[in-house]
Structures are given as structure tokens and as C-alpha cells.
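Worksheet: the structure to be examined is printed underneath.
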Amino acid sequence: MKFGICCGLGSFVPQIQDQPLSALPQLMDTLKAAGADYVEFGVATVAPEGPEEEFEKLRRALEPSPLRVEAFNSFLPQKHRITGPEVNLKAVLAYCRTALRRCKALGGEVVVLGSAGARKVPAGFDVRQAESQFIAFCRELAPLAEEFRMDIAIEPMNRKEDNLILSVEQGIRLVDAIGKARIQLLADLYHMAEQREPREILVKAGPRLRHTHLADLGRAAPGFAVGGEEDFSGFFRNLRRARYDRRCSFEGKFDDIEKQCKPVLYLLRKRWAETAR
């Protein structure tokens with residue numbers, strides 16, 4: 001299993017938020033020294049609607065680092081609706097084309113499709129129609145994902161953040177309904193815990209899984225939660241049963257990324273190794 005960290009410019013990591021491009025090399029050095037196998041940025045980092053020359057500055061800033069940005073999250077901004085009465089699929093897909101091309105250029109392999117702001121069912125709108133719209137969007141997205149050799153991982157979220165896809169079980173059904181090889185599934189331990197979804201569902205998800213996220217209690221950095229530890233062992237045990245060993249990213253709150261990153265990765269690798277016994 002590869003372990004990585006969700007961060008990057010514009011993330012909610014305090015030391016990184018609103019930092020200039022010049023801060024990236026130090027961030028990548030910090031993550032590499034801590035033992036990260038890869039990093040995960042938000043798609044907004046590649047500024048899909050920004051000029052090409054600005055993206056090239058980002059690419060050049062990252063080029064010296066031995067770490068690759070293998071995963072991206074927060075695919076769609078809220079303005080690019082994919083459910084409801086105001087969907088402009090042509091504009092959304094144009095955004096996706098540039099986003100996927102730029103993510104691939106940085107070493108991307110998978111893009112997480114959570115994007116609750118873009119997919120949330122508007123008040124008074126039919127939920128079944130919204131689900132049909134989501135499926136239709138994913139089917140239109142699939143050829144772009146294939147063109148750029150990028151997997152799309154649908155992220156089930158929790159009821160506080162979303163009202164459309166709220167369980168890995170529902171995600172399985174959607175992936176099967178979409179029926180496209182590049183459109184698959186993510187499991188996020190934080191959302192599963194919030195929704196009280198049994199970890200055993202991961203076994204059923206099996207070959208559909210393309211990416212995973214986790215966080216400790218309260219979305220804290222693993223090992224730094226107050227009052228205990230999330231069930232990382234149960235999560236990893238069921239991922240092993242599902243024969244999943246691709247990537248796992250911590251997505252949550254750092255108090256101090258430089259001090260916490262190394263022990264976070266150490267703990268996750270320890271818990272993963274323990275489940276092999």
C-alpha cells in the first residue's frame with residue numbers, strides 16, 4: 001500500500017493555506033522526508049480555468065521533486081453543477097478536459113469525484129432525477145478519463161456534507177449502473193464512520209475501489225486525536241480482504257504538518273502491517 005497526504009496550495013492545512021507557489025518545493029521536501037509515497041492535491045491547484053502559463057509555473061515548481069502528485073480531489077467547483085435544473089454539461093466537460101490533462105501532466109493517476117457543492121440535490125428537486133443526472137455525467141466523463149488514462153473515484157460522503165451519495169454501498173450500485181471502466185469508487189473511513197457504515201462493505205466493493213481516504217477521530221491527524229483512535233485496523237483488514245493495496249491518503253486537519261507528518265505515516269504503516277498477521 002502506498003500512503004500519501006492530502007495537501008497543496010489552497011488546502012486547509014494551516015501552514016500551506018494561501019502560501020505562494022515558492023512554498024511548494026519546501027512542502028514536497030517535508031513530505032518526502034516524512035516518508036510519503038505520493039501527494040494528493042485539490043484539482044483547483046492546477047487552475048483548470050486559468051491560463052496555461054500559470055499552470056506551467058506550477059509544473060516547473062514541482063518538477064525537481066521525486067514525489068509525484070498521483071491523486072487529486074475536489075474535482076468540480078460548486079459553479080459547475082451536475083445535478084438540478086441548471087446543468088450545463090458542455091461547460092462542465094470542457095472544465096474536466098483541462099483539469100484531467102493538467103492533473104495527468106503532474107503525475108496524476110486518480111481524481112476523486114466528491115464535489116458535494118456541484119452534485120448536491122437542490123431543495124425541491126427529485127432525488128432520483130439527480131441520481132440519473134449524476135450517472136449521465138459520469139458516462140460523458142468516461143471517454144475523457146480514458147483519453148488521459150485517469151481513473152475517476154466516486155466519493156460517498158456523509159449527510160452533513162452531501163445529500164446524494166451517502167454510502168459505499170450506494171457507490172457500488174452507481175459504479176455498476178454507470179458501467180464504465182474508468183469510473184470507479186473511493187472509500188473514505190471518515191465518511192463511513194460518520195454514516196456508521198460497516199467496514200465489511202469494502203469486501204463487496206472489491207475491484208471497484210480505486211482510492212481511499214482516512215482520518216482520525218474528529219478528522220484529526222492519525223495518532224493525534226483527543227479521546228482515542230479511529231478503527232484503522234478494521235478499515236485496513238477489510239481492504240486486505242477486498243484485495244485492495246493501491247493508495248491511501250490522510251485527508252484532515254494538521255496542527256503542524258512538519259512535526260506531525262512523519263508520525264502519521266509511521267502509524268498508518270504500522271496499522272497496515274499489523275493487519276497482515
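Every chain in the C-alpha cells takes a letter, A first, then B, and so on in the order presented; its residues are numbered from 1, and the ligands are numbered from 1 following the presented order.
Residues in contact range of Ser115 of chain A, defined as at most 12 Å between only C-alpha atoms, with sequence neighbours fewer than 5 positions away removed, read Gly42, Val43, Ala44, Phe72, Asn73, Ser74, Phe75, Leu76, Pro77, Gln78, Lys79, His80, Arg81, Ile82, Thr83, Lys120, Val121, Phe134, Ala153, Ile154, Glu155, Pro156, Met157, Glu161, Asp162, Asn163, Leu164 and Ile165 of chain A.
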Show me, as JSON lines, the residues of segment 174-195 of chain A having an atom within 12 Å of segment 246-259 of chain A, each with the closest atom pair and its distance in Å, using only C-alpha atoms.
{"residue": "A:Leu186", "atom": "CA", "partner": "A:Cys248", "partner_atom": "CA", "distance": 9.9}
{"residue": "A:Ala187", "atom": "CA", "partner": "A:Cys248", "partner_atom": "CA", "distance": 9.5}
{"residue": "A:Asp188", "atom": "CA", "partner": "A:Glu251", "partner_atom": "CA", "distance": 9.0}
{"residue": "A:Leu189", "atom": "CA", "partner": "A:Phe250", "partner_atom": "CA", "distance": 9.9}
{"residue": "A:Tyr190", "atom": "CA", "partner": "A:Glu251", "partner_atom": "CA", "distance": 8.9}
{"residue": "A:His191", "atom": "CA", "partner": "A:Glu251", "partner_atom": "CA", "distance": 11.1}
Between atom CA of Ala118 of chain A and atom CA of Leu202 of chain A, what is the distance, to one decimal in Å?
25.8 Å
If you run DSSP on the backbone here, which positions in segment 171-236 of chain A get alpha helix (DSSP H)? Please write them as a PyMOL selection string.
chain A and resi 171-178+189-194+201-205+232-236
Env of Val46 of chain A: 12 Å cut, atoms = only C-alpha atoms, seq-sep filter 5 positions within chain, self excluded. Answer as an MDAnalysis selection string.
chainID A and resid 8:10 21 41 51:59 62 69 72:75 95:96 98:106 108
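Atom CA of Leu209 of chain A lies 17.8 Å from atom CA of Arg139 of chain A.
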